[in-house]
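Text of target16.pdb, listed as PDB, C-alpha atoms:
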ATOM      1  CA  MET A   1     -77.846  23.736 -63.564
ATOM      2  CA  THR A   2     -78.483  21.110 -60.918
ATOM      3  CA  LEU A   3     -76.587  20.241 -57.787
ATOM      4  CA  PRO A   4     -74.339  17.202 -58.042
ATOM      5  CA  ALA A   5     -75.676  14.154 -56.181
ATOM      6  CA  GLU A   6     -73.050  14.332 -53.440
ATOM      7  CA  ARG A   7     -74.128  17.838 -52.432
ATOM      8  CA  LYS A   8     -77.869  17.242 -52.261
ATOM      9  CA  SER A   9     -79.268  17.509 -48.727
ATOM     10  CA  GLU A  10     -81.700  14.708 -49.464
ATOM     11  CA  ASN A  11     -78.908  12.278 -50.383
ATOM     12  CA  ILE A  12     -76.868  13.241 -47.329
ATOM     13  CA  LYS A  13     -79.844  12.823 -45.019
ATOM     14  CA  LEU A  14     -80.930   9.502 -46.543
ATOM     15  CA  SER A  15     -77.355   8.150 -46.563
ATOM     16  CA  VAL A  16     -77.111   8.739 -42.806
ATOM     17  CA  ASN A  17     -80.528   7.106 -42.331
ATOM     18  CA  LYS A  18     -79.463   4.128 -44.457
ATOM     19  CA  PHE A  19     -76.233   3.760 -42.506
ATOM     20  CA  VAL A  20     -78.137   3.577 -39.197
ATOM     21  CA  LYS A  21     -80.852   1.298 -40.580
ATOM     22  CA  ASP A  22     -78.275  -1.121 -42.008
ATOM     23  CA  LYS A  23     -76.526  -1.304 -38.657
ATOM     24  CA  ILE A  24     -79.787  -2.020 -36.878
ATOM     25  CA  ALA A  25     -80.895  -4.675 -39.354
ATOM     26  CA  VAL A  26     -77.572  -6.468 -39.839
ATOM     27  CA  GLY A  27     -76.122  -6.562 -36.355
ATOM     28  CA  GLN A  28     -79.424  -5.967 -34.554
ATOM     29  CA  PRO A  29     -77.791  -4.022 -31.755
ATOM     30  CA  LEU A  30     -80.870  -1.942 -31.075
ATOM     31  CA  VAL A  31     -83.649  -4.513 -30.782
ATOM     32  CA  GLY A  32     -86.672  -3.246 -28.869
ATOM     33  CA  ILE A  33     -86.056   0.399 -29.653
ATOM     34  CA  THR A  34     -88.120   2.220 -32.214
ATOM     35  CA  PHE A  35     -86.613   4.970 -34.339
ATOM     36  CA  ASN A  36     -88.925   7.457 -35.972
ATOM     37  CA  PHE A  37     -87.192   7.106 -39.335
ATOM     38  CA  GLN A  38     -86.756   3.355 -39.180
ATOM     39  CA  ASP A  39     -89.967   2.024 -37.753
ATOM     40  CA  SER A  40     -93.338   2.199 -39.442
ATOM     41  CA  GLU A  41     -94.929   1.366 -36.082
ATOM     42  CA  PHE A  42     -93.199   4.220 -34.281
ATOM     43  CA  SER A  43     -95.693   5.336 -31.683
ATOM     44  CA  PRO A  44     -94.206   6.769 -28.511
ATOM     45  CA  ASP A  45     -97.680   7.629 -27.238
ATOM     46  CA  ASP A  46     -98.458   3.922 -26.935
ATOM     47  CA  PRO A  47     -98.025   3.231 -23.178
ATOM     48  CA  LEU A  48     -96.559  -0.192 -24.021
ATOM     49  CA  VAL A  49     -93.589   1.369 -25.777
ATOM     50  CA  GLU A  50     -90.923   1.698 -23.087
ATOM     51  CA  GLN A  51     -88.037   3.215 -25.028
ATOM     52  CA  TRP A  52     -87.759   5.006 -28.315
ATOM     53  CA  VAL A  53     -85.528   7.351 -30.276
ATOM     54  CA  ASP A  54     -86.701  10.468 -32.051
ATOM     55  CA  VAL A  55     -84.300  11.691 -34.743
ATOM     56  CA  LYS A  56     -84.327  15.293 -35.982
ATOM     57  CA  PRO A  57     -82.114  16.953 -38.591
ATOM     58  CA  ILE A  58     -81.011  20.307 -37.181
ATOM     59  CA  GLN A  59     -78.841  21.774 -39.897
ATOM     60  CA  GLU A  60     -78.353  20.599 -43.464
ATOM     61  CA  MET A  61     -75.172  22.287 -44.596
ATOM     62  CA  ALA A  62     -72.940  19.319 -45.449
ATOM     63  CA  GLY A  63     -71.474  19.737 -48.922
ATOM     64  CA  MET A  64     -71.820  23.502 -48.547
ATOM     65  CA  LYS A  65     -68.826  24.223 -46.303
ATOM     66  CA  GLY A  66     -70.930  23.341 -43.268
ATOM     67  CA  SER A  67     -72.179  20.195 -41.632
ATOM     68  CA  TYR A  68     -75.246  18.015 -41.352
ATOM     69  CA  LEU A  69     -76.274  18.104 -37.719
ATOM     70  CA  LEU A  70     -78.479  15.329 -36.438
ATOM     71  CA  GLN A  71     -80.119  15.170 -33.025
ATOM     72  CA  PHE A  72     -81.098  11.885 -31.376
ATOM     73  CA  ASP A  73     -83.613  12.208 -28.550
ATOM     74  CA  ILE A  74     -83.560   9.034 -26.478
ATOM     75  CA  TYR A  75     -86.679   8.538 -24.380
ATOM     76  CA  THR A  76     -87.283   5.921 -21.698
ATOM     77  CA  ARG A  77     -90.158   5.619 -19.257
ATOM     78  CA  GLU A  78     -89.025   6.150 -15.681
ATOM     79  CA  ARG A  79     -91.308   3.423 -14.373
ATOM     80  CA  THR A  80     -89.021   0.825 -16.023
ATOM     81  CA  ASP A  81     -85.821   2.865 -16.234
ATOM     82  CA  THR A  82     -85.655   4.367 -12.763
ATOM     83  CA  PHE A  83     -81.939   5.071 -12.846
ATOM     84  CA  ARG A  84     -81.824   5.946 -16.552
ATOM     85  CA  GLN A  85     -79.450   3.097 -17.300
ATOM     86  CA  GLU A  86     -81.442   1.974 -20.323
ATOM     87  CA  ALA A  87     -81.208   5.429 -21.859
ATOM     88  CA  ASP A  88     -77.444   5.369 -21.302
ATOM     89  CA  LYS A  89     -77.201   1.948 -22.950
ATOM     90  CA  ILE A  90     -79.114   3.158 -26.015
ATOM     91  CA  ALA A  91     -76.898   6.254 -26.183
ATOM     92  CA  ASP A  92     -73.784   4.058 -26.095
ATOM     93  CA  LYS A  93     -75.186   1.904 -28.885
ATOM     94  CA  ILE A  94     -75.903   4.924 -31.074
ATOM     95  CA  CYS A  95     -72.410   6.273 -30.365
ATOM     96  CA  GLY A  96     -71.106   2.818 -31.351
ATOM     97  CA  ILE A  97     -72.864   3.035 -34.719
ATOM     98  CA  PHE A  98     -71.072   6.258 -35.586
ATOM     99  CA  ASN A  99     -67.736   5.202 -34.156
ATOM    100  CA  VAL A 100     -66.332   4.943 -37.688
ATOM    101  CA  THR A 101     -64.027   7.134 -39.711
ATOM    102  CA  SER A 102     -66.432   7.426 -42.656
ATOM    103  CA  PHE A 103     -69.340   5.849 -44.494
ATOM    104  CA  LYS A 104     -70.633   5.915 -48.046
ATOM    105  CA  LEU A 105     -72.718   8.671 -49.545
ATOM    106  CA  TYR A 106     -75.319   7.357 -51.980
ATOM    107  CA  SER A 107     -77.499   8.956 -54.598
ATOM    108  CA  PHE A 108     -81.159   8.217 -53.949
ATOM    109  CA  THR A 109     -82.424   9.405 -57.342
ATOM    110  CA  ASP A 110     -83.629   5.856 -57.886
ATOM    111  CA  PRO A 111     -84.302   4.475 -54.378
ATOM    112  CA  VAL A 112     -84.488   0.890 -55.687
ATOM    113  CA  THR A 113     -81.039   0.793 -57.250
ATOM    114  CA  LEU A 114     -78.887   3.087 -55.164
ATOM    115  CA  CYS A 115     -75.918   4.667 -56.840
ATOM    116  CA  ASP A 116     -72.640   5.052 -54.966
ATOM    117  CA  THR A 117     -71.429   8.653 -55.440
ATOM    118  CA  GLY A 118     -67.867   7.650 -54.593
ATOM    119  CA  ARG A 119     -67.921  10.212 -51.760
ATOM    120  CA  TYR A 120     -67.980   9.649 -48.020
ATOM    121  CA  LEU A 121     -69.536  11.234 -44.980
ATOM    122  CA  ILE A 122     -67.390  11.704 -41.901
ATOM    123  CA  PRO A 123     -68.876  11.829 -38.401
ATOM    124  CA  ILE A 124     -66.780  14.569 -36.810
ATOM    125  CA  ASN A 125     -67.548  16.736 -33.817
ATOM    126  CA  SER A 126     -66.853  20.451 -33.439
ATOM    127  CA  ASP A 127     -63.537  19.677 -31.682
ATOM    128  CA  GLY A 128     -62.401  17.787 -34.786
ATOM    129  CA  GLN A 129     -62.636  14.288 -33.281
ATOM    130  CA  VAL A 130     -63.700  11.699 -35.840
ATOM    131  CA  GLY A 131     -66.323   9.103 -34.902
ATOM    132  CA  VAL A 132     -67.291  10.991 -31.766
ATOM    133  CA  ARG A 133     -70.615  12.643 -30.885
ATOM    134  CA  ASP A 134     -70.915  16.404 -30.614
ATOM    135  CA  ASP A 135     -73.196  16.916 -27.597
ATOM    136  CA  SER A 136     -74.569  14.595 -24.971
ATOM    137  CA  ILE A 137     -76.918  16.029 -22.410
ATOM    138  CA  TRP A 138     -79.626  14.929 -20.002
ATOM    139  CA  MET A 139     -82.850  16.881 -20.111
ATOM    140  CA  ASP A 140     -85.405  17.053 -17.296
ATOM    141  CA  SER A 141     -87.863  14.189 -17.272
ATOM    142  CA  VAL A 142     -91.334  15.284 -18.304
ATOM    143  CA  ASP A 143     -94.561  13.318 -17.734
ATOM    144  CA  GLY A 144     -92.507  10.411 -16.314
ATOM    145  CA  ILE A 145     -90.351  10.178 -19.435
ATOM    146  CA  ALA A 146     -86.563  10.552 -19.171
ATOM    147  CA  ARG A 147     -84.747  12.115 -22.103
ATOM    148  CA  LYS A 148     -81.163  12.077 -23.229
ATOM    149  CA  VAL A 149     -79.998  14.126 -26.213
ATOM    150  CA  LEU A 150     -77.134  13.168 -28.497
ATOM    151  CA  ARG A 151     -75.939  15.238 -31.420
ATOM    152  CA  PHE A 152     -73.778  14.124 -34.300
ATOM    153  CA  ARG A 153     -72.156  16.218 -36.983
ATOM    154  CA  PHE A 154     -71.427  14.880 -40.464
ATOM    155  CA  LYS A 155     -69.205  16.464 -43.034
ATOM    156  CA  ARG A 156     -67.865  15.644 -46.439
ATOM    157  CA  LEU A 157     -64.135  15.690 -47.010
ATOM    158  CA  ALA A 158     -64.598  18.803 -49.156
ATOM    159  CA  ASP A 159     -66.218  20.581 -46.188
ATOM    160  CA  LEU A 160     -63.137  19.877 -44.098
ATOM    161  CA  SER A 161     -60.521  20.637 -46.709
ATOM    162  CA  GLY A 162     -61.458  24.269 -47.194
ATOM    163  CA  VAL A 163     -61.486  23.910 -50.984
ATOM    164  CA  GLN A 164     -63.678  26.438 -52.702
ATOM    165  CA  TYR A 165     -66.546  24.653 -54.395
ATOM    166  CA  ARG A 166     -67.372  25.439 -58.023
ATOM    167  CA  ALA A 167     -70.707  24.271 -59.369
ATOM    168  CA  SER A 168     -70.381  21.969 -62.359
TER     169      SER A 168
ATOM    170  CA  MET B   1     -33.601   1.726 -29.367
ATOM    171  CA  ALA B   2     -34.470   5.096 -27.905
ATOM    172  CA  SER B   3     -33.833   8.109 -30.069
ATOM    173  CA  GLU B   4     -32.449  11.322 -28.612
ATOM    174  CA  THR B   5     -32.719  14.895 -29.779
ATOM    175  CA  PHE B   6     -30.209  17.598 -28.902
ATOM    176  CA  ILE B   7     -30.412  21.339 -29.316
ATOM    177  CA  LYS B   8     -26.895  22.598 -29.644
ATOM    178  CA  VAL B   9     -26.422  26.094 -28.215
ATOM    179  CA  GLU B  10     -23.078  27.464 -29.289
ATOM    180  CA  ASN B  11     -23.413  30.933 -27.853
ATOM    181  CA  THR B  12     -25.294  30.735 -24.555
ATOM    182  CA  ALA B  13     -25.386  34.493 -23.975
ATOM    183  CA  GLU B  14     -26.828  35.157 -27.438
ATOM    184  CA  PHE B  15     -29.445  32.410 -26.989
ATOM    185  CA  MET B  16     -30.521  33.804 -23.607
ATOM    186  CA  SER B  17     -30.796  37.313 -24.935
ATOM    187  CA  LYS B  18     -32.827  36.129 -27.960
ATOM    188  CA  SER B  19     -35.156  34.092 -25.717
ATOM    189  CA  LYS B  20     -35.759  37.104 -23.501
ATOM    190  CA  ALA B  21     -36.571  39.327 -26.479
ATOM    191  CA  VAL B  22     -38.928  36.683 -27.901
ATOM    192  CA  LYS B  23     -40.692  36.301 -24.551
ATOM    193  CA  GLU B  24     -41.216  40.055 -24.283
ATOM    194  CA  LYS B  25     -42.655  40.241 -27.787
ATOM    195  CA  ILE B  26     -45.019  37.351 -27.104
ATOM    196  CA  LEU B  27     -46.150  38.911 -23.831
ATOM    197  CA  SER B  28     -46.881  42.190 -25.560
ATOM    198  CA  LEU B  29     -48.962  40.318 -28.187
ATOM    199  CA  VAL B  30     -50.848  38.342 -25.532
ATOM    200  CA  GLY B  31     -51.694  41.525 -23.682
ATOM    201  CA  GLY B  32     -52.438  43.439 -26.881
ATOM    202  CA  ASP B  33     -53.328  42.225 -30.382
ATOM    203  CA  TRP B  34     -54.055  38.587 -29.556
ATOM    204  CA  SER B  35     -56.248  39.537 -26.643
ATOM    205  CA  ARG B  36     -58.179  41.910 -28.901
ATOM    206  CA  ASP B  37     -58.485  39.254 -31.665
ATOM    207  CA  LEU B  38     -59.969  36.827 -29.175
ATOM    208  CA  TRP B  39     -62.295  39.406 -27.691
ATOM    209  CA  ASP B  40     -63.554  40.353 -31.176
ATOM    210  CA  LEU B  41     -64.282  36.692 -31.880
ATOM    211  CA  GLY B  42     -66.194  36.415 -28.598
ATOM    212  CA  GLU B  43     -68.163  39.569 -29.352
ATOM    213  CA  GLY B  44     -69.005  38.216 -32.807
ATOM    214  CA  ALA B  45     -70.190  34.930 -31.325
ATOM    215  CA  LYS B  46     -72.240  36.807 -28.729
ATOM    216  CA  GLU B  47     -73.931  38.913 -31.407
ATOM    217  CA  MET B  48     -74.705  35.822 -33.486
ATOM    218  CA  LEU B  49     -76.173  34.089 -30.424
ATOM    219  CA  ARG B  50     -78.286  37.147 -29.609
ATOM    220  CA  GLU B  51     -79.528  37.185 -33.181
ATOM    221  CA  GLU B  52     -80.260  33.449 -33.342
ATOM    222  CA  THR B  53     -81.849  32.982 -29.910
ATOM    223  CA  PRO B  54     -85.651  33.041 -30.264
ATOM    224  CA  LYS B  55     -87.245  36.028 -28.593
ATOM    225  CA  LYS B  56     -90.491  36.221 -26.725
ATOM    226  CA  THR B  57     -89.564  38.533 -23.870
ATOM    227  CA  GLY B  58     -86.001  38.804 -25.264
ATOM    228  CA  LYS B  59     -84.501  38.127 -21.810
ATOM    229  CA  THR B  60     -82.593  34.965 -22.779
ATOM    230  CA  ALA B  61     -81.312  36.520 -26.021
ATOM    231  CA  LYS B  62     -80.030  39.571 -24.142
ATOM    232  CA  GLY B  63     -78.403  37.331 -21.521
ATOM    233  CA  TRP B  64     -75.388  36.388 -23.683
ATOM    234  CA  ARG B  65     -72.095  37.717 -22.289
ATOM    235  CA  VAL B  66     -68.382  37.475 -23.056
ATOM    236  CA  SER B  67     -65.890  37.165 -20.174
ATOM    237  CA  ARG B  68     -62.132  36.850 -20.009
ATOM    238  CA  VAL B  69     -60.643  33.710 -18.518
ATOM    239  CA  ARG B  70     -57.387  34.155 -16.671
ATOM    240  CA  GLY B  71     -55.479  31.234 -15.232
ATOM    241  CA  GLY B  72     -53.162  33.474 -13.223
ATOM    242  CA  LYS B  73     -50.171  33.262 -15.567
ATOM    243  CA  SER B  74     -49.128  36.118 -17.822
ATOM    244  CA  LEU B  75     -49.313  33.903 -20.934
ATOM    245  CA  ASP B  76     -52.870  32.705 -20.261
ATOM    246  CA  LEU B  77     -55.337  33.885 -22.844
ATOM    247  CA  GLY B  78     -58.980  32.895 -22.960
ATOM    248  CA  ILE B  79     -62.562  34.033 -23.192
ATOM    249  CA  VAL B  80     -65.866  32.348 -22.522
ATOM    250  CA  VAL B  81     -69.253  33.162 -24.040
ATOM    251  CA  HIS B  82     -72.034  32.330 -21.602
ATOM    252  CA  ASN B  83     -75.608  33.195 -20.787
ATOM    253  CA  SER B  84     -76.604  34.875 -17.526
ATOM    254  CA  TYR B  85     -79.765  32.775 -17.421
ATOM    255  CA  GLU B  86     -78.246  29.361 -18.198
ATOM    256  CA  ASP B  87     -78.733  28.077 -14.637
ATOM    257  CA  ASN B  88     -82.299  29.340 -14.362
ATOM    258  CA  ASP B  89     -85.091  27.065 -13.308
ATOM    259  CA  PRO B  90     -86.787  26.133 -15.617
ATOM    260  CA  PRO B  91     -83.744  25.932 -17.949
ATOM    261  CA  ILE B  92     -85.228  27.916 -20.849
ATOM    262  CA  LEU B  93     -81.876  28.032 -22.650
ATOM    263  CA  LYS B  94     -81.619  24.228 -22.687
ATOM    264  CA  TYR B  95     -85.206  23.938 -23.924
ATOM    265  CA  LEU B  96     -84.526  26.374 -26.761
ATOM    266  CA  GLU B  97     -81.238  24.739 -27.763
ATOM    267  CA  PHE B  98     -82.394  21.101 -27.647
ATOM    268  CA  GLY B  99     -86.172  21.520 -27.990
ATOM    269  CA  THR B 100     -88.956  19.872 -26.019
ATOM    270  CA  ARG B 101     -91.454  17.194 -27.001
ATOM    271  CA  ALA B 102     -95.177  17.667 -26.681
ATOM    272  CA  HIS B 103     -96.050  17.649 -22.981
ATOM    273  CA  THR B 104     -98.721  18.535 -20.475
ATOM    274  CA  ILE B 105     -98.348  21.498 -18.133
ATOM    275  CA  LYS B 106    -100.196  21.274 -14.813
ATOM    276  CA  PRO B 107    -100.261  23.675 -11.852
ATOM    277  CA  ILE B 108     -97.797  22.818  -9.067
ATOM    278  CA  ALA B 109    -100.362  23.315  -6.290
ATOM    279  CA  VAL B 110    -103.078  20.677  -6.003
ATOM    280  CA  GLY B 111    -106.374  22.145  -7.169
ATOM    281  CA  GLY B 112    -104.582  25.193  -8.595
ATOM    282  CA  VAL B 113    -105.124  26.760 -12.014
ATOM    283  CA  LEU B 114    -102.805  28.015 -14.726
ATOM    284  CA  VAL B 115    -103.353  31.635 -15.709
ATOM    285  CA  PHE B 116    -101.676  33.010 -18.817
ATOM    286  CA  LYS B 117    -102.102  35.419 -21.704
ATOM    287  CA  THR B 118    -102.775  33.958 -25.151
ATOM    288  CA  LYS B 119    -101.409  35.262 -28.458
ATOM    289  CA  ASP B 120    -104.691  37.128 -28.975
ATOM    290  CA  GLY B 121    -104.037  39.060 -25.775
ATOM    291  CA  ASN B 122    -106.790  37.362 -23.757
ATOM    292  CA  TRP B 123    -106.192  36.071 -20.234
ATOM    293  CA  VAL B 124    -107.099  32.407 -19.780
ATOM    294  CA  ALA B 125    -107.424  30.263 -16.638
ATOM    295  CA  THR B 126    -107.237  26.493 -17.072
ATOM    296  CA  LYS B 127    -106.330  23.358 -15.123
ATOM    297  CA  LYS B 128    -104.114  21.840 -17.817
ATOM    298  CA  VAL B 129    -102.253  22.938 -20.957
ATOM    299  CA  SER B 130    -101.213  20.596 -23.756
ATOM    300  CA  HIS B 131     -97.998  22.150 -25.028
ATOM    301  CA  PRO B 132     -97.193  21.155 -28.636
ATOM    302  CA  GLY B 133     -93.437  21.114 -27.919
ATOM    303  CA  THR B 134     -90.584  23.344 -29.085
ATOM    304  CA  PRO B 135     -88.279  22.635 -32.037
ATOM    305  CA  PRO B 136     -84.535  22.538 -31.264
ATOM    306  CA  TYR B 137     -83.175  25.916 -32.382
ATOM    307  CA  ALA B 138     -79.518  24.792 -31.964
ATOM    308  CA  MET B 139     -78.235  28.358 -31.839
ATOM    309  CA  VAL B 140     -75.199  27.337 -29.755
ATOM    310  CA  ALA B 141     -74.304  24.452 -32.093
ATOM    311  CA  ARG B 142     -74.518  26.677 -35.167
ATOM    312  CA  THR B 143     -72.528  29.495 -33.574
ATOM    313  CA  ARG B 144     -69.879  27.034 -32.374
ATOM    314  CA  GLU B 145     -69.447  25.701 -35.902
ATOM    315  CA  LYS B 146     -69.096  29.143 -37.457
ATOM    316  CA  TYR B 147     -66.674  30.456 -34.847
ATOM    317  CA  ALA B 148     -64.564  27.270 -34.609
ATOM    318  CA  SER B 149     -63.418  27.841 -38.206
ATOM    319  CA  GLN B 150     -62.763  31.535 -37.476
ATOM    320  CA  MET B 151     -60.762  30.537 -34.389
ATOM    321  CA  ASP B 152     -58.670  28.240 -36.613
ATOM    322  CA  ARG B 153     -57.903  31.173 -38.887
ATOM    323  CA  VAL B 154     -56.857  33.337 -35.934
ATOM    324  CA  ALA B 155     -54.712  30.525 -34.486
ATOM    325  CA  ASN B 156     -52.973  30.109 -37.865
ATOM    326  CA  MET B 157     -52.250  33.830 -37.936
ATOM    327  CA  TRP B 158     -50.809  33.670 -34.416
ATOM    328  CA  SER B 159     -48.541  30.733 -35.258
ATOM    329  CA  TYR B 160     -47.309  32.647 -38.336
ATOM    330  CA  GLN B 161     -46.530  35.650 -36.130
ATOM    331  CA  LEU B 162     -44.687  33.367 -33.676
ATOM    332  CA  GLU B 163     -42.519  32.007 -36.465
ATOM    333  CA  LYS B 164     -41.651  35.520 -37.569
ATOM    334  CA  ILE B 165     -40.776  36.564 -34.016
ATOM    335  CA  TRP B 166     -38.464  33.564 -33.625
ATOM    336  CA  GLU B 167     -36.803  34.393 -36.940
ATOM    337  CA  GLY B 168     -36.243  37.908 -35.584
ATOM    338  CA  LYS B 169     -38.525  39.659 -38.127
TER     339      LYS B 169
END
What do you get writing this file as structure tokens?
Amino acid sequence: MTLPAERKSENIKLSVNKFVKDKIAVGQPLVGITFNFQDSEFSPDDPLVEQWVDVKPIQEMAGMKGSYLLQFDIYTRERTDTFRQEADKIADKICGIFNVTSFKLYSFTDPVTLCDTGRYLIPINSDGQVGVRDDSIWMDSVDGIARKVLRFRFKRLADLSGVQYRAS
Amino acid sequence: MASETFIKVENTAEFMSKSKAVKEKILSLVGGDWSRDLWDLGEGAKEMLREETPKKTGKTAKGWRVSRVRGGKSLDLGIVVHNSYEDNDPPILKYLEFGTRAHTIKPIAVGGVLVFKTKDGNWVATKKVSHPGTPPYAMVARTREKYASQMDRVANMWSYQLEKIWEGK
């Protein structure tokens, strides 16, 4: 017995990644920022890289009566972002990407021809606000690098509805 | 066109007496069962946080507390789960919750050395430490998610009880 495509952590994770990547490529709102899951040349240790975003999945419980929690660590070098305005701008852009009511959940069994599962992922915070981030916090700057943390929570409709899931 | 809503009270004395009885019942719940429900939720969240917080000395994990929040009115009901060490410097709790990236630790004093005990139990003195970073443990985020749904259940139970009180049952 296998998990249906819409409940697989891998599909949920990759669907979120695809959603962000598509937004970056189509509208190009985040030019000049490297994401660790988007950019093959992601190298924050390169002193020429001034701003970058590190993305970490924290909890993968969407589709299992929980949520998929994703953390965005926004880093900017203080030598060029003295007042941390650039980090704030990047944070606003990321918040803008997820300022939607839902987006499609795909099956990545065949990564070349993606299959639409017919299900959606909803960015919803722990207060129940849709399209809004969960946490936003400034961390201390370390080694001259400022850091802002954003967290987003994603759920499927079934996670919100409270319907008991039965494996098919 | 503005719409208007009226509540027609035919027997003022009866309405006043019913309102008073309802208020007394609600006050007794706020001071009794509901207060206990909320406290139990807080205690549960505290235990989960203590369990989930990584332990080295165990100080941060043991620092979780539950406190009542009172706004000064008899109908106010609230609790807060907090950590006694959340304002510490360095903010260990923040580092554990959100993680840290790989960084270099240097002594504050110029020409000073860092002295610490390694996992093997040996004391080491060095001028610089390359810390590999800490993963984000997200214990607060996970606890919040679990207890938000439990709080919903409790709130639903309270609203059901309110309905019954108003119906005089």
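In terms of minimum interatomic distance to Gly31 (chain B), B:Leu77 ranks closest within B:Ala155, B:Leu77, B:Ala109, B:Val124, counting only C-alpha atoms.
Between CA of Arg156 (chain A) and CA of Arg119 (chain A) the interatomic distance comes to 7.6 Å.
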query = Which residue out of A:Lys13, A:Arg151, A:Lys104, A:Arg7 has the minimum interatomic distance to chain B when only C-alpha atoms are used?
reply = A:Arg151
ask   = Can you list, as number ranges by chain, every protein, DNA or RNA residue that comes within 12 Å of Ser35 (chain B) when you count all atoms listed in the file, leaving out same-chain residues fewer than 3 positions away?
value = B: 26-32, 38-42, 67-70, 74-79, 154, 158
Could you dump the residues just selected with C-alpha atoms as a compact mmCIF listing (two decimals), in the coordinates of the input?
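The file below, again32.txt, is the result:
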# COMPACT_ATOMS: atom_id res chain seq x y z
CA ILE B 26 -45.02 37.35 -27.10
CA LEU B 27 -46.15 38.91 -23.83
CA SER B 28 -46.88 42.19 -25.56
CA LEU B 29 -48.96 40.32 -28.19
CA VAL B 30 -50.85 38.34 -25.53
CA GLY B 31 -51.69 41.52 -23.68
CA GLY B 32 -52.44 43.44 -26.88
CA LEU B 38 -59.97 36.83 -29.18
CA TRP B 39 -62.30 39.41 -27.69
CA ASP B 40 -63.55 40.35 -31.18
CA LEU B 41 -64.28 36.69 -31.88
CA GLY B 42 -66.19 36.42 -28.60
CA SER B 67 -65.89 37.16 -20.17
CA ARG B 68 -62.13 36.85 -20.01
CA VAL B 69 -60.64 33.71 -18.52
CA ARG B 70 -57.39 34.16 -16.67
CA SER B 74 -49.13 36.12 -17.82
CA LEU B 75 -49.31 33.90 -20.93
CA ASP B 76 -52.87 32.70 -20.26
CA LEU B 77 -55.34 33.88 -22.84
CA GLY B 78 -58.98 32.90 -22.96
CA ILE B 79 -62.56 34.03 -23.19
CA VAL B 154 -56.86 33.34 -35.93
CA TRP B 158 -50.81 33.67 -34.42
query = Can you list what the PyMOL selection byres ((chain A and resi 138-143) around 10) grabs from this structure, as a PyMOL selection string?
reply = (chain A and resi 73-78+84+87-88+136-137+144-150) or (chain B and resi 90-91+94-95+98-105)
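Of the listed residues A:Ser9, A:Thr113, A:Gln59, A:Thr34, the one whose atoms come nearest to chain B is A:Gln59, with distances taken using all atoms listed in the file.
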